[in-house]
Every structure is written in structure tokens, then in C-alpha cells.
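A.B. asks: Coordinates in entry-v6.cif, mmCIF, C-alpha atoms, are listed below.
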```cif
data_data
loop_
_atom_site.label_atom_id
_atom_site.label_comp_id
_atom_site.auth_asym_id
_atom_site.auth_seq_id
_atom_site.Cartn_x
_atom_site.Cartn_y
_atom_site.Cartn_z
CA MET A 1 -7.48 -16.20 -11.19
CA LEU A 2 -5.58 -19.12 -9.64
CA GLN A 3 -3.33 -21.44 -11.58
CA LEU A 4 -2.27 -24.76 -10.06
CA ALA A 5 0.46 -26.54 -11.96
CA TRP A 6 1.53 -30.18 -11.94
CA ILE A 7 4.34 -31.72 -13.95
CA LEU A 8 2.48 -34.96 -14.44
CA GLN A 9 0.51 -36.78 -17.11
CA CYS A 10 -2.71 -36.03 -15.28
CA GLY A 11 -6.16 -37.42 -16.02
CA VAL A 12 -8.37 -36.08 -13.23
CA PHE A 13 -8.39 -33.36 -10.58
CA THR A 14 -10.10 -33.82 -7.23
CA LEU A 15 -10.52 -31.70 -4.12
CA LEU A 16 -10.08 -33.33 -0.72
CA TRP A 17 -12.21 -31.62 1.92
CA ASP A 18 -11.88 -32.08 5.68
CA LYS A 19 -11.08 -35.79 5.54
CA PRO A 20 -8.44 -37.40 3.31
CA THR A 21 -11.00 -40.04 2.29
CA LEU A 22 -13.63 -37.49 1.16
CA LYS A 23 -12.89 -36.56 -2.43
CA ILE A 24 -14.94 -34.04 -4.42
CA GLN A 25 -14.47 -34.65 -8.14
CA ILE A 26 -13.66 -31.43 -10.03
CA ILE A 27 -12.67 -32.08 -13.63
CA SER A 28 -11.30 -34.77 -15.90
CA THR A 29 -9.49 -34.71 -19.23
CA ASN A 30 -11.37 -37.83 -20.33
CA ASP A 31 -14.83 -37.74 -18.74
CA PRO A 32 -17.05 -34.65 -19.26
CA THR A 33 -19.49 -35.93 -16.60
CA PHE A 34 -16.75 -36.37 -13.99
CA SER A 35 -17.51 -33.17 -12.02
CA TYR A 36 -19.67 -33.23 -8.90
CA ALA A 37 -22.57 -30.78 -8.80
CA VAL A 38 -20.69 -28.34 -6.54
CA PHE A 39 -18.18 -27.74 -9.37
CA GLY A 40 -20.20 -28.83 -12.40
CA GLY A 41 -21.72 -25.42 -13.16
CA ARG A 42 -18.36 -23.64 -12.99
CA VAL A 43 -16.75 -26.28 -15.21
CA GLN A 44 -19.52 -25.85 -17.81
CA LYS A 45 -19.02 -22.06 -17.74
CA ASN A 46 -15.27 -22.61 -18.25
CA GLU A 47 -14.53 -20.92 -14.93
CA ILE A 48 -12.59 -24.09 -14.07
CA TYR A 49 -10.63 -25.73 -16.87
CA ILE A 50 -7.50 -27.71 -17.69
CA GLU A 51 -4.77 -26.42 -20.00
CA ARG A 52 -2.37 -28.99 -21.37
CA LEU A 53 1.05 -27.44 -21.80
CA LYS A 54 2.76 -30.56 -23.15
CA GLY A 55 2.62 -34.33 -22.82
CA ASP A 56 3.57 -34.45 -19.14
CA SER A 57 2.50 -30.98 -17.96
CA VAL A 58 -0.96 -29.52 -17.30
CA LEU A 59 -2.42 -26.47 -15.58
CA LEU A 60 -5.64 -26.36 -13.60
CA HIS A 61 -7.19 -22.89 -13.94
CA ILE A 62 -9.70 -21.63 -11.36
CA THR A 63 -11.16 -18.22 -12.17
CA LYS A 64 -13.26 -16.19 -9.73
CA LEU A 65 -11.65 -17.94 -6.77
CA GLN A 66 -13.93 -18.44 -3.75
CA LYS A 67 -13.18 -19.00 -0.08
CA SER A 68 -14.89 -22.40 -0.37
CA ASP A 69 -12.22 -23.45 -2.90
CA GLU A 70 -9.71 -23.73 -0.07
CA GLY A 71 -8.41 -27.23 0.57
CA THR A 72 -6.08 -29.96 -0.66
CA TYR A 73 -6.06 -30.62 -4.40
CA GLU A 74 -5.02 -33.89 -5.95
CA CYS A 75 -4.06 -34.58 -9.54
CA ALA A 76 -4.13 -38.24 -10.56
CA THR A 77 -3.91 -40.40 -13.66
CA PRO A 78 -4.75 -44.08 -14.17
CA SER A 79 -1.76 -46.35 -14.63
CA THR A 80 -1.37 -47.79 -18.12
CA ASP A 81 1.78 -49.74 -17.27
CA LYS A 82 1.71 -53.47 -16.66
CA VAL A 83 4.12 -53.02 -13.77
CA TYR A 84 3.59 -50.40 -11.04
CA ARG A 85 6.53 -47.97 -11.20
CA GLY A 86 5.66 -45.36 -8.59
CA SER A 87 3.19 -42.68 -7.62
CA TYR A 88 0.60 -41.57 -10.15
CA SER A 89 -0.81 -38.67 -8.16
CA ALA A 90 0.34 -35.39 -6.64
CA ARG A 91 -1.19 -33.09 -4.04
CA THR A 92 -0.96 -29.45 -3.10
CA ASN A 93 -2.65 -27.27 -0.48
CA LEU A 94 -4.56 -24.13 -1.40
CA THR A 95 -5.19 -21.29 1.06
CA VAL A 96 -7.58 -18.59 -0.16
CA ILE A 97 -6.68 -15.14 1.17
CA PRO A 98 -9.60 -12.68 1.40
CA ASP A 99 -9.27 -9.59 -0.80
CA THR A 100 -9.07 -6.69 1.69
CA LEU A 101 -7.02 -4.34 -0.47
CA SER A 102 -8.44 -0.85 -0.90
CA ALA A 103 -7.21 2.13 -2.96
CA THR A 104 -8.96 5.51 -3.18
CA SER A 105 -8.16 8.98 -4.48
CA VAL A 106 -10.49 12.00 -4.63
CA PRO A 107 -11.42 12.64 -8.29
CA GLN A 108 -10.84 16.27 -9.32
CA THR A 109 -10.47 18.54 -12.33
CA LEU A 110 -7.50 20.89 -11.86
CA ASN A 111 -6.45 23.84 -14.01
CA LYS A 112 -2.75 24.57 -13.67
CA VAL A 113 -0.15 26.83 -15.28
CA GLU A 114 3.20 25.56 -16.49
CA GLY A 115 5.65 25.71 -13.56
CA ASP A 116 2.96 25.19 -10.90
CA SER A 117 3.22 22.30 -8.44
CA LEU A 118 0.84 19.32 -8.25
CA GLU A 119 0.06 17.16 -5.23
CA LEU A 120 -2.22 14.11 -5.32
CA VAL A 121 -2.83 11.62 -2.49
CA CYS A 122 -3.67 7.93 -2.80
CA GLU A 123 -5.08 6.09 0.23
CA VAL A 124 -4.08 2.40 0.30
CA SER A 125 -4.99 -0.07 3.03
CA LYS A 126 -5.26 -3.82 3.67
CA GLN A 127 -6.19 -6.15 6.52
CA THR A 128 -4.52 -9.34 5.31
CA ALA A 129 -3.58 -11.73 8.11
CA GLN A 130 -0.60 -13.08 6.15
CA HIS A 131 2.58 -11.08 5.62
CA THR A 132 2.21 -9.24 2.31
CA HIS A 133 3.82 -6.30 0.51
CA VAL A 134 1.97 -3.49 -1.26
CA ALA A 135 3.19 -1.72 -4.42
CA VAL A 136 1.80 1.72 -5.30
CA THR A 137 2.04 3.29 -8.76
CA TRP A 138 0.88 6.64 -10.15
CA TYR A 139 0.00 6.67 -13.85
CA ILE A 140 -0.89 9.35 -16.35
CA GLN A 141 -3.35 8.54 -19.12
CA LYS A 142 -3.36 10.40 -22.43
CA GLU A 143 -6.15 9.17 -24.69
CA ASP A 144 -5.52 5.38 -24.86
CA GLN A 145 -1.89 5.51 -23.68
CA ASN A 146 -0.76 5.03 -20.07
CA ALA A 147 2.64 6.02 -18.71
CA THR A 148 4.18 5.32 -15.29
CA VAL A 149 4.91 8.56 -13.46
CA ILE A 150 6.44 6.99 -10.34
CA SER A 151 6.12 3.67 -8.53
CA LEU A 152 6.97 2.21 -5.13
CA THR A 153 7.66 -1.47 -5.88
CA ARG A 154 6.94 -4.43 -3.60
CA ASP A 155 10.67 -4.32 -2.70
CA PHE A 156 10.30 -0.67 -1.56
CA VAL A 157 12.23 0.76 -4.51
CA LEU A 158 11.15 3.99 -6.23
CA ARG A 159 11.07 3.86 -10.04
CA SER A 160 9.92 6.03 -12.92
CA GLU A 161 9.80 5.43 -16.66
CA GLY A 162 10.34 7.37 -19.86
CA ARG A 163 10.45 11.16 -19.58
CA TYR A 164 9.68 10.96 -15.87
CA LYS A 165 12.85 9.05 -15.01
CA LEU A 166 15.20 12.06 -15.19
CA ARG A 167 12.68 14.28 -13.41
CA GLN A 168 12.51 11.79 -10.53
CA ALA A 169 16.30 11.73 -10.34
CA SER A 170 16.37 15.56 -10.14
CA GLY A 171 13.75 15.61 -7.38
CA ASP A 172 11.07 17.22 -9.53
CA ILE A 173 8.84 14.14 -9.04
CA ARG A 174 8.43 12.46 -5.67
CA LEU A 175 6.33 9.74 -4.05
CA ASP A 176 6.17 10.01 -0.26
CA LYS A 177 4.41 7.92 2.35
CA ILE A 178 3.05 10.71 4.54
CA GLU A 179 0.89 8.51 6.80
CA VAL A 180 0.29 4.80 7.38
CA THR A 181 -2.04 4.56 4.40
CA SER A 182 -1.33 7.78 2.46
CA PHE A 183 0.96 7.98 -0.58
CA LYS A 184 1.48 11.48 -1.99
CA LEU A 185 2.57 12.21 -5.54
CA THR A 186 4.36 15.55 -5.92
CA ILE A 187 5.36 17.21 -9.20
CA SER A 188 7.25 20.39 -8.28
CA LYS A 189 7.20 22.05 -11.71
CA LEU A 190 4.47 21.00 -14.10
CA GLN A 191 5.22 20.81 -17.80
CA MET A 192 2.82 20.88 -20.73
CA PHE A 193 3.59 17.16 -21.11
CA ASP A 194 1.93 16.54 -17.71
CA GLN A 195 -1.55 17.36 -18.99
CA GLY A 196 -3.75 14.29 -18.73
CA GLU A 197 -5.60 12.04 -16.30
CA PHE A 198 -3.75 10.83 -13.20
CA TYR A 199 -4.74 7.71 -11.27
CA CYS A 200 -3.23 5.41 -8.66
CA GLU A 201 -2.90 1.62 -8.69
CA ALA A 202 -2.23 -0.59 -5.66
CA LYS A 203 -1.05 -4.20 -5.89
CA GLU A 204 -0.74 -6.69 -3.04
CA TRP A 205 1.98 -9.34 -3.23
CA ILE A 206 2.72 -12.46 -1.19
CA GLN A 207 5.83 -14.62 -1.16
CA ASP A 208 5.32 -18.38 -1.15
CA PRO A 209 7.74 -20.84 0.48
CA ASP A 210 9.20 -21.38 -3.00
CA LYS A 211 10.49 -17.75 -2.74
CA PHE A 212 8.43 -16.59 -5.73
CA TRP A 213 6.24 -13.51 -5.39
CA TYR A 214 2.59 -13.66 -6.47
CA ASN A 215 0.18 -10.80 -7.07
CA ILE A 216 -2.99 -11.63 -5.12
CA ALA A 217 -4.99 -8.39 -5.48
CA HIS A 218 -4.97 -5.05 -7.25
CA LYS A 219 -7.14 -1.92 -7.17
CA ILE A 220 -7.31 1.24 -9.32
CA THR A 221 -8.58 4.63 -8.15
CA GLU A 222 -10.76 7.16 -9.91
CA HIS A 223 -9.05 9.65 -12.22
CA THR A 224 -8.02 13.27 -11.63
CA THR A 225 -7.93 15.40 -14.78
CA VAL A 226 -5.14 17.99 -14.95
CA TYR A 227 -5.05 20.79 -17.55
CA VAL A 228 -1.75 22.62 -17.94
CA GLU A 229 -1.68 26.05 -19.60
CA ALA A 230 1.53 27.43 -21.09
CA ALA A 231 3.19 30.05 -18.89
CA GLY A 232 2.54 33.65 -20.06
CA ILE A 233 -0.61 32.94 -22.08
CA GLN A 234 -2.86 34.17 -19.29
CA GLY A 235 -1.12 37.58 -19.18
CA HIS A 236 -1.34 38.01 -22.97
CA LYS A 237 -5.05 37.32 -22.84
CA THR A 238 -5.56 40.05 -20.23
CA ARG A 239 -3.72 42.64 -22.30
CA ALA A 240 -5.59 41.62 -25.46
CA ASP A 241 -8.94 41.84 -23.68
CA SER A 242 -8.07 45.31 -22.35
CA LYS A 243 -7.09 46.52 -25.82
CA GLY A 244 -10.28 45.08 -27.28
CA SER A 245 -12.40 46.85 -24.65
CA TRP A 246 -10.68 50.20 -25.36
CA MET A 247 -11.36 49.82 -29.08
CA ARG A 248 -15.03 49.10 -28.41
CA VAL A 249 -15.33 52.23 -26.23
CA GLN A 250 -13.79 54.42 -28.95
CA ALA A 251 -16.16 52.95 -31.54
CA TRP A 252 -19.20 53.71 -29.39
CA LYS A 253 -18.00 57.28 -28.90
CA MET A 254 -17.80 57.72 -32.65
CA PHE A 255 -21.08 56.00 -33.39
CA PRO A 256 -23.49 58.98 -32.77
CA PHE A 257 -21.40 61.23 -35.04
CA LEU A 258 -21.41 58.61 -37.79
CA THR A 259 -25.16 58.21 -37.47
CA LEU A 260 -25.73 61.98 -37.79
CA ILE A 261 -23.73 62.08 -40.98
CA LEU A 262 -25.81 59.33 -42.51
CA LEU A 263 -29.09 61.00 -41.59
CA LEU A 264 -28.08 64.37 -43.02
CA ASN A 265 -27.18 62.74 -46.31
#
```
How would this structure read if it were set down as C-alpha cells?

C.D. replies:
Amino acid sequence: MLQLAWILQCGVFTLLWDKPTLKIQIISTNDPTFSYAVFGGRVQKNEIYIERLKGDSVLLHITKLQKSDEGTYECATPSTDKVYRGSYSARTNLTVIPDTLSATSVPQTLNKVEGDSLELVCEVSKQTAQHTHVAVTWYIQKEDQNATVISLTRDFVLRSEGRYKLRQASGDIRLDKIEVTSFKLTISKLQMFDQGEFYCEAKEWIQDPDKFWYNIAHKITEHTTVYVEAAGIQGHKTRADSKGSWMRVQAWKMFPFLTLILLLN
């Protein structure tokens, strides 16, 4: 969703296409029939709307941005003063960047034992013509709760949160860029706490001339389910199964003798 902001007591928004004299009416705070047909349907569906923040500040919201929305936007308000005191309009240019961001990870179900290692790869790519930065984050989901395992921020800084922060500092958790588009999560020694669903998120950021960063696209991969079994349980099960089998053999050996006794009686 795009938000265009003006600090102005604004009555109408228009889009100027190709020629400065050609104005396509978008939306008005006063006239519900102001919109031209090209925008009328989207205004009625509330995909384009005005939010008044305060007396002299409004936001124009455009959801489901389209390439055809690119152009120069003008916000204007009729003058109510008897004497002209300055400009009553403001303009800004909008460039619509195509969404080329892609993020994929092979969905799996993995059975691990406490202390095993885990490696998952997230493929992230983009073909944006403008200079942009990509942030990559690995999450773990437990029921309805998500936790950040490790993240490479748009400023190329590695960060973890919660219980994973100390493990990242010790080197137990890593995020490495192994190829141009490949980001590998490594957990050297799995803990029972690591059982859950892992997935990767990619976000694309662009910096405007005003030096602020804006998130222009994000993608989430499919999940990989990881089950972690406590160390040592597998061995105990083997010994228990062996003992159970031995007891069944002894019972079967005794069974004919017990049957004979019953028949004789």
C-alpha cells in the first residue's frame, strides 16, 4: 500500500498524466462524484481513500498499487480567503517499482536428535532496476507464536532475539550468504527448544532522497517442520524393546507346558 502525505488543508487530489494540463480527478473530501471513471471504482471499493490526520494534514492512501498509478500527484484546496496569500496546491512525483522479489525454501519434515546440526537454505532474488537493499530473516513458529532466530538487516547487520541472541554470539547459530542468492541458516547444536516450523522472510527496501528507508516488497517461504528428540531416548527404547522381546520368547516357551497342565486338570 502507498501513502502520500501532504501537510496542507487539502480538498481534492488529482493525477497529472503526460501533460501538465491533463488532470485526472481522483478523489475529493467534499464531492463524492469527483472521481473520473478510471479511479471511480477503486474509490468506491475504498482502495483509494483520504485520511484526515488533523486540520491541516491529510494522507492519500492507495492500496493495491498499479504500474498505471505512476505519475505526478497534486493536492489542492479552494481558497476561502478574500485576499490571495500564496499557493494552495502541492505536487509530488510517484514512481511505481515492479515487484520482482522472490524467496523460496524447500519444505521438509526433519526428525533430529538433541545435539544434531540443522542447515536450511533460503533462495532470495530480485531484478529491481533501482538500488535497493534486501533483508533476510529466519523465524521459528510454535503454534501461534513466531520468534526471530537470526536476521540480516537492510544495513547488513546480523541480529537475533530472545534465547537465540546468546547462541548467535557463541557461534551456535549462523546466517551465511553462500552464493549470490543463497542464505543458509545453521544451528550447530539443536536444543529441544528448537522444535517447530522454520521459515524465511525476505524484505526489499529503498532509500528515498529524504534519506528515509521504505519497505517496497516482502515474501515468505514455505515452512520446514523440525522435530527434536531428547538425547538418549532412542537408546533406552532399543533396550526396552529388546527386553520386551526376550520376555515374550520366554512366555511362549512356557505356554505349551501351561496348556498341558490345564488339560490334565

A.B. asks: Mind checking which residues fall within 7 Å of A:Lys219, counting only C-alpha atoms, ignoring those fewer than 6 positions away in the same chain, and posting them as a PDB file with C-alpha atoms, in the coordinates of the input?

C.D. replies:
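Output below, filename part-v5.pdb:
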```
ATOM      1  CA  SER A 102      -8.440  -0.850  -0.900  1.00  0.00           C
ATOM      2  CA  ALA A 103      -7.210   2.130  -2.960  1.00  0.00           C
ATOM      3  CA  GLU A 201      -2.900   1.620  -8.690  1.00  0.00           C
ATOM      4  CA  ALA A 202      -2.230  -0.590  -5.660  1.00  0.00           C
ATOM      5  CA  LYS A 203      -1.050  -4.200  -5.890  1.00  0.00           C
TER       6      LYS A 203
END
```

A.B. asks: Nearest to A:Glu47 among A:Leu158, A:Ile140, A:Ile26, A:Leu190, with distances taken over all atoms listed in the file: which residue is it?

C.D. replies: A:Ile26

A.B. asks: As a list of chain:residue names, please: the residues near stretch 160-164 of chain A (cut-off 8 Å, all atoms listed in the file, same-chain neighbours under 4 positions excluded).

C.D. replies: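 Residues meeting the cut-off are A:Ala147, A:Thr148, A:Val149, A:Ile150, A:Ser151, A:Gln168, A:Ile173.
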
A.B. asks: For A:Ser188, which residue among A:Ile62, A:Val124, A:Leu118, A:Cys200 is the nearest when counting all atoms listed in the file?

C.D. replies: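 Once distances to A:Ser188 are computed over all atoms listed in the file, the minimum belongs to A:Leu118.
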
A.B. asks: Within 10 Å of A:Gln130, counting only C-alpha atoms, which residues qualify if same-chain residues fewer than 5 places away don't, as a PDB file with C-alpha atoms, in the coordinates of the input?

C.D. replies:
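That gives us selection_7.pdb:
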```pdb
ATOM      1  CA  ILE A  97      -6.680 -15.140   1.170  1.00  0.00           C
ATOM      2  CA  ILE A 206       2.720 -12.460  -1.190  1.00  0.00           C
ATOM      3  CA  GLN A 207       5.830 -14.620  -1.160  1.00  0.00           C
TER       4      GLN A 207
END
```

A.B. asks: Find the distance between atom CA of A:Thr224 and atom CA of A:Lys189 and write it in Å to one decimal.

C.D. replies: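 Here the two named atoms are 17.6 Å from each other.
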
A.B. asks: Could you tell me how far atom CA of A:Leu185 sits from atom CA of A:Thr128, in Å to one decimal place?

C.D. replies: 25.1 Å

A.B. asks: Rounded to one decimal place, report the atom CA of A:Val121-atom CA of A:Thr153 distance in Å.

C.D. replies: 17.1 Å

A.B. asks: If you apply the PyMOL selection byres ((chain A and resi 226) around 6) to this file, what residues do you get, as an NGL selection string?

C.D. replies: :A and (109-110 or 195-196 or 225 or 227)

A.B. asks: Expand the PyMOL selection byres ((chain A and resi 69) around 10) into the explicit residue set it covers here, and present it as a ChimeraX atom specification.

C.D. replies: /A:15,17,39,62,65-68,70-73,94-96

A.B. asks: Could you expand the PyMOL selection byres ((chain A and resi 116) around 12) into the explicit residues it covers here, written as a VMD selection string?

C.D. replies: chain A and resid 110 to 115 117 to 119 172 186 to 192 194 226 to 231

A.B. asks: With only C-alpha atoms as the atoms that count, which of A:Lys165, A:Arg52, A:Lys177, A:His131 lies nearest to A:Leu152?

C.D. replies: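 Smallest separation from A:Leu152 among the options: A:Lys177.
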
A.B. asks: Restricting the calculation to all atoms listed in the file: of A:Ala217, A:Val180, A:Leu53, A:Ala129, which residue gets closest to A:Glu204?

C.D. replies: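 Nearest candidate to A:Glu204 out of A:Ala217, A:Val180, A:Leu53, A:Ala129: A:Ala217.
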